[in-house]
Amino acid sequence: MRGTRTASGWLRTAAGVVIVVVLLFPLYWMINASLQPGGALLRPNPDWLPVDGTFDGYRKALSTQGGPLLDSLVVAGGTVLVSLVIALPASYALAQLRFRGAQPLIFALLIVQMIPGIVMANSLYAVFSDLGLIDDYLGLILADSTATIPFAILVLRAFMLAIPRELTEAARVDGASYWRTFRSIIVPVSRNAMVTAGLFSFLFAWADFLFAVTLTTGRSIEPITVGIYRFIGNQSADWNAVLATAVLASVPAAILLVIAQRYVVAGVTGGAVKE
Amino acid sequence: MTVVAQRPAETAAPVPRRRRRGTGRQRWVALAFLVPVLAYVVLFFGYPLVNNVSMSLRDYTVRSFYTGEAPFVGWENYAAVLRDPLFTEAVVNTVVFTVGSIAFQFGIGLALALFFAGRFPAGGLLRSLLLLPWLLPLVVSGAVWRWMLDQDHGVINAALRAVGLADGPTPWLTDPGWALPAVIIVNIWIGIPFNLVILHGGLRAIPQSLYEAAALDGAGPWQRFRHVTWPLLRPVTAVVLMLGLVYTIKVFDVIMVVTGGGPANATQTLTTWSYHLSFGGGFAFGEGAAVSNLLVLVATVFGLFYLRSARSSIAEAGT
């Protein structure tokens with residue numbers, strides 16, 4: 001390739017490193033502050049390296065925010081499950097079966113993605129308080145799914161469109177029922193798309209703040225995003241512990257970027273903008 | 001989270017009715033597979049949204065949840081919202097926030113996409129690292145920036161002081177004049193990766209041969225950008241801008257964590273205002289619902305624009 005491994009190529013790499021350093025500086029700063037004792041953070045000139053490093057912030061974060069971290073894990077895991085269980089059969093029907101009404105349904109899914117979350121939160125609050133789903137894991141899972149199900153269907157359907165009909169029709173000729181075709185061919189073949197849809201559902205639910213803050217009261221469950229928000233709201237906010245909590249809350253995203261980068265990129269583009 | 005419109009080539013093309021036998025049966029089978037999602041859509045989109053409209057036409061307060069009484073008041077909630085001086089302020093803030101965020105997100109995202117379009121050692125790795133801010137929970141980004149923008153202990157003011165750009169500390173989050181620019185800066189930072197990824201994909205799709213032909217004709221770098229890149233990137237640009245619009249209008253987490261809509265409502269947008277009306281102590285659910293229905297209206301209009309532009313862009317790309 002032209003430009004690779006030449007002087008100008010390496011110059012570009014150097015410039016690229018500078019760009020990354022500048023744009024990722026806030027992340028470094030978060031980690032840096034999470035490792036410094038509370039007193040050091042209040043000096044007029046901040047320390048650029050955690051020289052008096054301490055894990056006090058993390059100890060405090062785990063002792064006060066351990067519950068919220070677990071709550072978020074439960075909600076995010078549940079959202080993945082609910083989203084895939086509902087989205088998989090729907091995507092199969094939309095991608096592989098012929099029937100009228102498929103186009104309007106896809107159109108509707110694209111539109112509901114654009115409904116602002118605050119509208120859903122306002123609307124769901126009234127319904128959930130009648131159903132007793134406020135302060136409830138199931139309530140949060142179902143609310144988060146309003147965002148993840150349309151997304152999962154669109155990603156899975158785009159993938160399933162590419163599964164050759166010959167494959168499924170051959171199975172049908174061999175006497176497999178639609179359900180069997182779905183279970184034994186479509187689902188296994190769609191594994192990669194399921195990972196993408198599942199990852200993004202997890203990340204969404206893990207990061208959700210809007211539903212978490214509107215549909216819980218803090219009496220029983222408290223997702224980590226709300227935990228951080230209330231933590232900051234304290235006038236005597238202990239930034240060392242706040243930012244240690246923030247680092248812990250970022251761990252899932254960092255892990256995903258490392259182990260599943262190609263699924264992440266697939267999800268960002270939704271498999272739609274052609275590469 | 002994003003789904004860019006599917007290739008509407010197949011969405012638009014009418015499916016030829018083939019093999020009449022089986023079609024009728026497939027319809028019922030398809031329906032069976034769709035039952036879960038249809039039930040979900042009706043229960044968790046349809047019913048709540050209709051209920052929200054009904055709430056916006058009633059005097060719905062926190063008492064209503066216990067007594068079930070919420071007298072019908074017609075357009076009273078909408079009138080109250082429109083009469084509120086905060087309405088104009090929230091609209092202006094929303095517009096400034098949205099336009100400011102998108103202009104810079106797109107500009108910086110495009111510059112970075114062009115930079116990373118060239119191949120150089122470790123280019124792919126560096127580009128994927130830039131995705132990280134986009135994957136972090138927004139509350140985390142908001143918390144970090146709130147700390148960095150702190151007037152007395154924040155690193156931003158320390159850096160400005162160190163390079164001599166500011167005499168005294170800038171009251172980023174406590175001064176009504178600075179707060180809106182501050183949250184816009186945070187939101188720009190959050191939006192850059194998304195713009196970068198989508199625009200990068202668009203640049204990749206432009207055939208290298210066109211650049212070579214243009215170079216042979218003596219076109220310089222600017223002319224190549226102006227006459228090859230820009231026109232061919234337009235469909236992707238339209239998609240990015242439309243999605244940016246839809247997403248920026250509904251930004252909630254960032255503003256809530258960084259400023260909470262303050263100081264003195266300087267960063268109150270329609271979204272945060274709707275939240276504050278319903279949940280911020282007043283429990284004016286009727287008015288909150290009215291504001292959020294106005295938001296739905298705005299989002300739907302932009303959404304339809306987006307779908308239209310996505311559709312025509314694909315048609316263009318196909319020819």
# chains A, B, ... in the order shown; residues from 1 in each chain; ligands from 1
$ select_by_dssp --residues "range 76-241 of chain B" --states "alpha helix (DSSP H)" --output "ChimeraX atom specification"
/B:76-83,85-117,123-129,132-135,138-148,155-162,176-204,208-216,221-224,230-241
$ residues_around --residues "Gln96 in chain A" --least-positions-apart "4" --cutoff "10 Å" --atoms "only C-alpha atoms" --output "list in words"
Ser91, Tyr92, Arg157, Met160, Leu161, Ala162, Ile163, Pro164, Arg165, Thr168, Glu169, Phe182 and Ile186 of chain A; Gln26 and Ala30 of chain B
$ write_last_selection --atoms "N, CA, C and O atoms" --output "CSV table (one decimal), in the first residue's frame"
chain,number,residue,atom,x,y,z
A,91,SER,N,-37.4,-11.1,13.7
A,91,SER,CA,-36.4,-10.9,12.6
A,91,SER,C,-36.5,-12.0,11.5
A,91,SER,O,-36.4,-11.7,10.3
A,92,TYR,N,-36.7,-13.2,12.0
A,92,TYR,CA,-36.8,-14.3,11.1
A,92,TYR,C,-38.1,-14.1,10.2
A,92,TYR,O,-37.9,-14.2,8.9
A,157,ARG,N,-32.4,-8.7,11.4
A,157,ARG,CA,-33.0,-8.8,10.1
A,157,ARG,C,-32.1,-8.6,9.0
A,157,ARG,O,-32.0,-9.3,8.0
A,160,MET,N,-30.1,-11.7,8.6
A,160,MET,CA,-30.9,-12.8,8.1
A,160,MET,C,-31.3,-12.7,6.7
A,160,MET,O,-31.6,-13.7,6.0
A,161,LEU,N,-31.4,-11.5,6.2
A,161,LEU,CA,-31.7,-11.3,4.7
A,161,LEU,C,-30.6,-12.0,3.9
A,161,LEU,O,-30.9,-12.4,2.8
A,162,ALA,N,-29.4,-12.0,4.4
A,162,ALA,CA,-28.3,-12.6,3.7
A,162,ALA,C,-28.2,-14.1,3.7
A,162,ALA,O,-27.4,-14.7,3.0
A,163,ILE,N,-29.0,-14.7,4.6
A,163,ILE,CA,-29.0,-16.2,4.6
A,163,ILE,C,-29.8,-16.7,3.4
A,163,ILE,O,-30.9,-16.3,3.2
A,164,PRO,N,-29.1,-17.5,2.6
A,164,PRO,CA,-29.8,-17.9,1.4
A,164,PRO,C,-31.1,-18.7,1.6
A,164,PRO,O,-31.1,-19.5,2.5
A,165,ARG,N,-32.1,-18.3,0.9
A,165,ARG,CA,-33.4,-19.0,1.1
A,165,ARG,C,-33.3,-20.5,0.8
A,165,ARG,O,-34.0,-21.3,1.3
A,168,THR,N,-32.9,-22.5,3.9
A,168,THR,CA,-34.1,-22.8,4.7
A,168,THR,C,-35.2,-23.5,3.9
A,168,THR,O,-35.9,-24.4,4.5
A,169,GLU,N,-35.2,-23.3,2.6
A,169,GLU,CA,-36.2,-24.0,1.8
A,169,GLU,C,-35.9,-25.5,1.7
A,169,GLU,O,-36.8,-26.4,1.7
A,182,PHE,N,-36.3,-22.4,12.1
A,182,PHE,CA,-35.8,-21.3,12.9
A,182,PHE,C,-34.8,-21.7,13.9
A,182,PHE,O,-33.7,-21.1,14.0
A,186,ILE,N,-31.7,-21.0,11.4
A,186,ILE,CA,-31.6,-19.5,11.5
A,186,ILE,C,-30.8,-19.1,12.8
A,186,ILE,O,-29.8,-18.3,12.7
B,26,GLN,N,-47.8,-18.9,4.8
B,26,GLN,CA,-46.7,-18.2,5.4
B,26,GLN,C,-47.1,-17.0,6.2
B,26,GLN,O,-46.5,-16.6,7.1
B,30,ALA,N,-45.8,-16.3,9.7
B,30,ALA,CA,-45.1,-15.1,10.1
B,30,ALA,C,-45.8,-14.4,11.2
B,30,ALA,O,-45.1,-13.9,12.2
$ residues_around --residues "Trp178 in chain B" --least-positions-apart "5" --cutoff "10 Å" --atoms "only C-alpha atoms" --output "JSON list (two decimals) with N, CA, C and O atoms, in the first residue's frame"
[["chain", "number", "residue", "atom", "x", "y", "z"],
["B", 170, "THR", "N", -12.28, 30.25, 35.09],
["B", 170, "THR", "CA", -13.55, 30.41, 34.38],
["B", 170, "THR", "C", -14.64, 29.64, 35.13],
["B", 170, "THR", "O", -14.48, 28.46, 35.41],
["B", 171, "PRO", "N", -15.75, 30.31, 35.45],
["B", 171, "PRO", "CA", -16.83, 29.63, 36.18],
["B", 171, "PRO", "C", -17.70, 28.81, 35.23],
["B", 171, "PRO", "O", -18.86, 29.13, 35.01],
["B", 172, "TRP", "N", -17.11, 27.74, 34.66],
["B", 172, "TRP", "CA", -17.80, 26.98, 33.59],
["B", 172, "TRP", "C", -19.22, 26.59, 33.95],
["B", 172, "TRP", "O", -20.13, 26.76, 33.14],
["B", 173, "LEU", "N", -19.38, 26.02, 35.14],
["B", 173, "LEU", "CA", -20.68, 25.40, 35.44],
["B", 173, "LEU", "C", -21.53, 26.24, 36.38],
["B", 173, "LEU", "O", -22.67, 25.90, 36.64],
["B", 183, "VAL", "N", -21.66, 22.56, 28.36],
["B", 183, "VAL", "CA", -22.31, 21.28, 28.05],
["B", 183, "VAL", "C", -22.21, 20.98, 26.55],
["B", 183, "VAL", "O", -22.17, 19.82, 26.15],
["B", 263, "PRO", "N", -27.05, 26.61, 35.66],
["B", 263, "PRO", "CA", -27.60, 27.46, 36.72],
["B", 263, "PRO", "C", -28.68, 28.39, 36.16],
["B", 263, "PRO", "O", -28.53, 28.88, 35.05],
["B", 266, "ALA", "N", -30.06, 27.90, 32.66],
["B", 266, "ALA", "CA", -29.26, 28.28, 31.50],
["B", 266, "ALA", "C", -29.04, 27.11, 30.55],
["B", 266, "ALA", "O", -28.74, 27.31, 29.37],
["B", 267, "THR", "N", -29.14, 25.87, 31.05],
["B", 267, "THR", "CA", -28.94, 24.71, 30.17],
["B", 267, "THR", "C", -30.19, 23.84, 30.10],
["B", 267, "THR", "O", -30.13, 22.68, 29.77]]
$ atom_distance --atom1 "CA of Pro223 in chain A" --atom2 "CA of Gly66 in chain A"
10.2 Å
$ closest_residue --among "A:Thr79, A:Thr6, A:Thr181, A:Gln113" --to "Ala93 in chain A" --atoms "only C-alpha atoms"
A:Thr181
$ residues_around --residues "Val258 in chain B" --least-positions-apart "4" --cutoff "6 Å" --atoms "only C-alpha atoms" --output "short mmCIF file (atom, residue, chain, number, x, y, z; two decimals) with all heavy atoms, in the first residue's frame"
data_model
loop_
_atom_site.label_atom_id
_atom_site.label_comp_id
_atom_site.auth_asym_id
_atom_site.auth_seq_id
_atom_site.Cartn_x
_atom_site.Cartn_y
_atom_site.Cartn_z
N GLY B 142 -20.16 12.41 31.66
CA GLY B 142 -20.63 13.64 32.30
C GLY B 142 -19.92 13.89 33.62
O GLY B 142 -19.48 15.01 33.90
N ARG B 146 -17.58 17.03 34.44
CA ARG B 146 -17.97 17.93 35.52
C ARG B 146 -16.78 18.18 36.45
O ARG B 146 -16.57 19.30 36.92
CB ARG B 146 -19.13 17.30 36.31
CG ARG B 146 -19.58 18.19 37.43
CD ARG B 146 -20.93 17.77 37.93
NE ARG B 146 -21.19 18.36 39.23
CZ ARG B 146 -22.39 18.49 39.75
NH1 ARG B 146 -23.43 18.06 39.07
NH2 ARG B 146 -22.56 19.03 40.92
N VAL B 254 -26.26 13.80 29.78
CA VAL B 254 -25.11 14.69 29.85
C VAL B 254 -25.47 15.96 30.60
O VAL B 254 -24.78 16.39 31.53
CB VAL B 254 -24.63 15.04 28.43
CG1 VAL B 254 -23.44 15.97 28.50
CG2 VAL B 254 -24.29 13.78 27.67
#
$ residues_around --residues "Val127 in chain A" --least-positions-apart "5" --cutoff "12 Å" --atoms "only C-alpha atoms" --output "MDAnalysis selection string"
(chainID A and resid 120:122 132:134 139 143 215) or (chainID B and resid 43:52 55 65)
$ write_last_selection --atoms "N, CA, C and O atoms" --output "PDB file, in the first residue's frame"
ATOM      1  N   MET A 120     -40.843   8.290  26.434  1.00  0.00           N
ATOM      2  CA  MET A 120     -41.132   6.924  26.879  1.00  0.00           C
ATOM      3  C   MET A 120     -41.148   6.875  28.408  1.00  0.00           C
ATOM      4  O   MET A 120     -41.990   6.202  29.009  1.00  0.00           O
ATOM      5  N   ALA A 121     -40.216   7.589  29.040  1.00  0.00           N
ATOM      6  CA  ALA A 121     -40.141   7.561  30.500  1.00  0.00           C
ATOM      7  C   ALA A 121     -41.408   8.151  31.117  1.00  0.00           C
ATOM      8  O   ALA A 121     -42.011   7.563  32.011  1.00  0.00           O
ATOM      9  N   ASN A 122     -41.833   9.312  30.587  1.00  0.00           N
ATOM     10  CA  ASN A 122     -43.071   9.935  31.046  1.00  0.00           C
ATOM     11  C   ASN A 122     -44.235   8.974  30.904  1.00  0.00           C
ATOM     12  O   ASN A 122     -45.049   8.801  31.803  1.00  0.00           O
ATOM     13  N   GLY A 132     -47.428  -1.597  39.330  1.00  0.00           N
ATOM     14  CA  GLY A 132     -46.488  -1.935  40.396  1.00  0.00           C
ATOM     15  C   GLY A 132     -45.107  -2.280  39.876  1.00  0.00           C
ATOM     16  O   GLY A 132     -44.380  -3.081  40.453  1.00  0.00           O
ATOM     17  N   LEU A 133     -44.721  -1.701  38.736  1.00  0.00           N
ATOM     18  CA  LEU A 133     -43.411  -2.009  38.160  1.00  0.00           C
ATOM     19  C   LEU A 133     -42.363  -0.934  38.458  1.00  0.00           C
ATOM     20  O   LEU A 133     -41.259  -0.983  37.931  1.00  0.00           O
ATOM     21  N   ILE A 134     -42.747   0.055  39.298  1.00  0.00           N
ATOM     22  CA  ILE A 134     -41.743   1.032  39.731  1.00  0.00           C
ATOM     23  C   ILE A 134     -40.848   0.349  40.763  1.00  0.00           C
ATOM     24  O   ILE A 134     -41.332  -0.459  41.558  1.00  0.00           O
ATOM     25  N   GLY A 139     -39.510  -4.083  35.584  1.00  0.00           N
ATOM     26  CA  GLY A 139     -39.919  -2.804  35.010  1.00  0.00           C
ATOM     27  C   GLY A 139     -38.788  -2.159  34.225  1.00  0.00           C
ATOM     28  O   GLY A 139     -38.965  -1.724  33.089  1.00  0.00           O
ATOM     29  N   ALA A 143     -38.540  -1.522  30.229  1.00  0.00           N
ATOM     30  CA  ALA A 143     -38.379  -0.150  29.742  1.00  0.00           C
ATOM     31  C   ALA A 143     -37.151  -0.041  28.846  1.00  0.00           C
ATOM     32  O   ALA A 143     -37.203   0.539  27.755  1.00  0.00           O
ATOM     33  N   LEU A 215     -37.833   5.635  36.830  1.00  0.00           N
ATOM     34  CA  LEU A 215     -38.652   4.480  37.202  1.00  0.00           C
ATOM     35  C   LEU A 215     -38.194   3.807  38.495  1.00  0.00           C
ATOM     36  O   LEU A 215     -38.666   2.735  38.835  1.00  0.00           O
TER      37      LEU A 215
ATOM     38  N   LEU B  43     -48.137  -3.048  24.060  1.00  0.00           N
ATOM     39  CA  LEU B  43     -48.142  -2.829  25.502  1.00  0.00           C
ATOM     40  C   LEU B  43     -47.180  -1.733  25.945  1.00  0.00           C
ATOM     41  O   LEU B  43     -47.463  -0.993  26.877  1.00  0.00           O
ATOM     42  N   PHE B  44     -46.002  -1.659  25.285  1.00  0.00           N
ATOM     43  CA  PHE B  44     -44.969  -0.763  25.810  1.00  0.00           C
ATOM     44  C   PHE B  44     -44.663   0.433  24.919  1.00  0.00           C
ATOM     45  O   PHE B  44     -43.869   1.273  25.288  1.00  0.00           O
ATOM     46  N   PHE B  45     -45.252   0.474  23.755  1.00  0.00           N
ATOM     47  CA  PHE B  45     -45.182   1.709  22.970  1.00  0.00           C
ATOM     48  C   PHE B  45     -46.583   2.289  22.817  1.00  0.00           C
ATOM     49  O   PHE B  45     -46.847   3.400  23.230  1.00  0.00           O
ATOM     50  N   GLY B  46     -47.476   1.488  22.229  1.00  0.00           N
ATOM     51  CA  GLY B  46     -48.805   1.984  21.889  1.00  0.00           C
ATOM     52  C   GLY B  46     -49.550   2.516  23.085  1.00  0.00           C
ATOM     53  O   GLY B  46     -49.877   3.703  23.160  1.00  0.00           O
ATOM     54  N   TYR B  47     -49.777   1.631  24.072  1.00  0.00           N
ATOM     55  CA  TYR B  47     -50.583   2.035  25.203  1.00  0.00           C
ATOM     56  C   TYR B  47     -49.973   3.207  25.978  1.00  0.00           C
ATOM     57  O   TYR B  47     -50.654   4.213  26.217  1.00  0.00           O
ATOM     58  N   PRO B  48     -48.684   3.147  26.334  1.00  0.00           N
ATOM     59  CA  PRO B  48     -48.120   4.283  27.078  1.00  0.00           C
ATOM     60  C   PRO B  48     -48.180   5.596  26.307  1.00  0.00           C
ATOM     61  O   PRO B  48     -48.462   6.640  26.892  1.00  0.00           O
ATOM     62  N   LEU B  49     -47.930   5.549  25.003  1.00  0.00           N
ATOM     63  CA  LEU B  49     -47.913   6.803  24.248  1.00  0.00           C
ATOM     64  C   LEU B  49     -49.309   7.396  24.140  1.00  0.00           C
ATOM     65  O   LEU B  49     -49.494   8.613  24.266  1.00  0.00           O
ATOM     66  N   VAL B  50     -50.306   6.541  23.939  1.00  0.00           N
ATOM     67  CA  VAL B  50     -51.684   7.031  23.897  1.00  0.00           C
ATOM     68  C   VAL B  50     -52.056   7.595  25.265  1.00  0.00           C
ATOM     69  O   VAL B  50     -52.648   8.666  25.398  1.00  0.00           O
ATOM     70  N   ASN B  51     -51.658   6.868  26.290  1.00  0.00           N
ATOM     71  CA  ASN B  51     -51.911   7.306  27.652  1.00  0.00           C
ATOM     72  C   ASN B  51     -51.261   8.670  27.924  1.00  0.00           C
ATOM     73  O   ASN B  51     -51.810   9.513  28.630  1.00  0.00           O
ATOM     74  N   ASN B  52     -50.075   8.862  27.327  1.00  0.00           N
ATOM     75  CA  ASN B  52     -49.355  10.111  27.509  1.00  0.00           C
ATOM     76  C   ASN B  52     -50.134  11.278  26.902  1.00  0.00           C
ATOM     77  O   ASN B  52     -50.183  12.362  27.460  1.00  0.00           O
ATOM     78  N   MET B  55     -52.908  11.973  29.203  1.00  0.00           N
ATOM     79  CA  MET B  55     -52.416  12.683  30.387  1.00  0.00           C
ATOM     80  C   MET B  55     -52.219  14.163  30.119  1.00  0.00           C
ATOM     81  O   MET B  55     -52.474  15.011  30.967  1.00  0.00           O
ATOM     82  N   PHE B  65     -52.289   9.587  40.852  1.00  0.00           N
ATOM     83  CA  PHE B  65     -51.824   8.208  40.867  1.00  0.00           C
ATOM     84  C   PHE B  65     -52.505   7.408  41.969  1.00  0.00           C
ATOM     85  O   PHE B  65     -52.675   6.210  41.871  1.00  0.00           O
TER      86      PHE B  65
END
$ residues_around --residues "Ala241 in chain A" --least-positions-apart "4" --cutoff "9 Å" --atoms "only C-alpha atoms" --output "list in words"
Ser34, Leu35, Gly38, Asp56, Gly57, Tyr58, Arg59, Lys60, Ala61, Phe231, Ala237, Thr245 and Ala246 of chain A
$ write_last_selection --atoms "N, CA and C atoms" --output "mmCIF file, in the first residue's frame"
data_model
loop_
_atom_site.group_PDB
_atom_site.id
_atom_site.type_symbol
_atom_site.label_atom_id
_atom_site.label_comp_id
_atom_site.auth_asym_id
_atom_site.auth_seq_id
_atom_site.Cartn_x
_atom_site.Cartn_y
_atom_site.Cartn_z
ATOM 1 N N SER A 34 -9.061 8.908 40.086
ATOM 2 C CA SER A 34 -9.630 7.825 40.888
ATOM 3 C C SER A 34 -8.573 7.188 41.784
ATOM 4 N N LEU A 35 -7.294 7.448 41.468
ATOM 5 C CA LEU A 35 -6.215 6.830 42.242
ATOM 6 C C LEU A 35 -5.581 7.793 43.236
ATOM 7 N N GLY A 38 -8.377 11.985 48.332
ATOM 8 C CA GLY A 38 -9.274 13.126 48.207
ATOM 9 C C GLY A 38 -8.585 14.463 48.422
ATOM 10 N N ASP A 56 -8.064 3.776 47.992
ATOM 11 C CA ASP A 56 -9.157 4.138 48.891
ATOM 12 C C ASP A 56 -10.451 4.387 48.139
ATOM 13 N N GLY A 57 -10.321 5.101 47.010
ATOM 14 C CA GLY A 57 -11.513 5.425 46.220
ATOM 15 C C GLY A 57 -12.232 4.162 45.791
ATOM 16 N N TYR A 58 -11.468 3.174 45.349
ATOM 17 C CA TYR A 58 -12.085 1.930 44.892
ATOM 18 C C TYR A 58 -12.714 1.166 46.044
ATOM 19 N N ARG A 59 -12.019 1.190 47.199
ATOM 20 C CA ARG A 59 -12.612 0.521 48.371
ATOM 21 C C ARG A 59 -13.954 1.155 48.715
ATOM 22 N N LYS A 60 -13.958 2.491 48.705
ATOM 23 C CA LYS A 60 -15.190 3.210 49.037
ATOM 24 C C LYS A 60 -16.254 2.959 47.957
ATOM 25 N N ALA A 61 -15.817 2.967 46.697
ATOM 26 C CA ALA A 61 -16.762 2.740 45.602
ATOM 27 C C ALA A 61 -17.416 1.375 45.742
ATOM 28 N N PHE A 231 -24.397 10.326 43.956
ATOM 29 C CA PHE A 231 -23.065 10.495 44.545
ATOM 30 C C PHE A 231 -22.562 11.922 44.276
ATOM 31 N N ALA A 237 -19.276 16.071 47.675
ATOM 32 C CA ALA A 237 -18.910 14.988 46.776
ATOM 33 C C ALA A 237 -17.428 14.635 46.926
ATOM 34 N N THR A 245 -15.812 4.983 41.062
ATOM 35 C CA THR A 245 -17.051 4.340 40.644
ATOM 36 C C THR A 245 -17.230 4.462 39.131
ATOM 37 N N ALA A 246 -16.908 5.656 38.607
ATOM 38 C CA ALA A 246 -17.034 5.866 37.161
ATOM 39 C C ALA A 246 -16.137 4.899 36.390
#
$ closest_residue --among "A:Phe55, A:Tyr229, A:Phe107, A:Phe200" --to "Ala253 in chain A" --atoms "only C-alpha atoms"
A:Phe200
$ closest_residue --among "A:Leu88, A:Leu248, A:Ala102, A:Pro68" --to "Trp179 in chain A" --atoms "only C-alpha atoms"
A:Leu88
$ residues_around --residues "range 110-116 of chain B" --least-positions-apart "3" --cutoff "10 Å" --atoms "only C-alpha atoms" --output "MDAnalysis selection string"
(chainID A and resid 12:13 15:16 19) or (chainID B and resid 104:107 119:120 123:124 126:127 192:193 195:204 225 229 237)
$ closest_residue --among "A:Asp174, A:Asp238, A:Asp71, A:Asp52" --to "chain B" --atoms "only C-alpha atoms"
A:Asp238
$ decode --residues "range 284-290 of chain B" --atoms "all heavy atoms" --output "tab-separated table (two decimals), in the first residue's frame"
chain	number	residue	atom	x	y	z
B	284	ALA	N	-45.96	17.92	37.95
B	284	ALA	CA	-46.97	18.39	37.01
B	284	ALA	C	-46.95	17.46	35.80
B	284	ALA	O	-46.44	17.80	34.74
B	284	ALA	CB	-46.68	19.83	36.60
B	285	PHE	N	-47.47	16.25	36.01
B	285	PHE	CA	-47.36	15.24	34.96
B	285	PHE	C	-48.08	15.66	33.68
B	285	PHE	O	-47.65	15.34	32.59
B	285	PHE	CB	-47.90	13.91	35.46
B	285	PHE	CG	-46.96	13.23	36.41
B	285	PHE	CD1	-47.15	13.34	37.77
B	285	PHE	CD2	-45.88	12.52	35.93
B	285	PHE	CE1	-46.26	12.74	38.65
B	285	PHE	CE2	-45.00	11.91	36.80
B	285	PHE	CZ	-45.19	12.02	38.17
B	286	GLY	N	-49.17	16.38	33.84
B	286	GLY	CA	-49.91	16.82	32.65
B	286	GLY	C	-49.05	17.72	31.79
B	286	GLY	O	-48.94	17.53	30.58
B	287	GLU	N	-48.39	18.70	32.43
B	287	GLU	CA	-47.56	19.63	31.67
B	287	GLU	C	-46.32	18.93	31.12
B	287	GLU	O	-45.89	19.18	29.99
B	287	GLU	CB	-47.16	20.83	32.53
B	287	GLU	CG	-48.35	21.73	32.83
B	287	GLU	CD	-47.95	22.94	33.68
B	287	GLU	OE1	-46.78	23.33	33.64
B	287	GLU	OE2	-48.84	23.45	34.39
B	288	GLY	N	-45.74	18.05	31.94
B	288	GLY	CA	-44.59	17.27	31.46
B	288	GLY	C	-44.96	16.48	30.23
B	288	GLY	O	-44.21	16.42	29.25
B	289	ALA	N	-46.13	15.87	30.27
B	289	ALA	CA	-46.60	15.10	29.12
B	289	ALA	C	-46.80	16.01	27.91
B	289	ALA	O	-46.48	15.64	26.78
B	289	ALA	CB	-47.90	14.38	29.46
B	290	ALA	N	-47.30	17.21	28.15
B	290	ALA	CA	-47.52	18.14	27.04
B	290	ALA	C	-46.18	18.48	26.38
B	290	ALA	O	-46.06	18.43	25.15
B	290	ALA	CB	-48.19	19.42	27.55
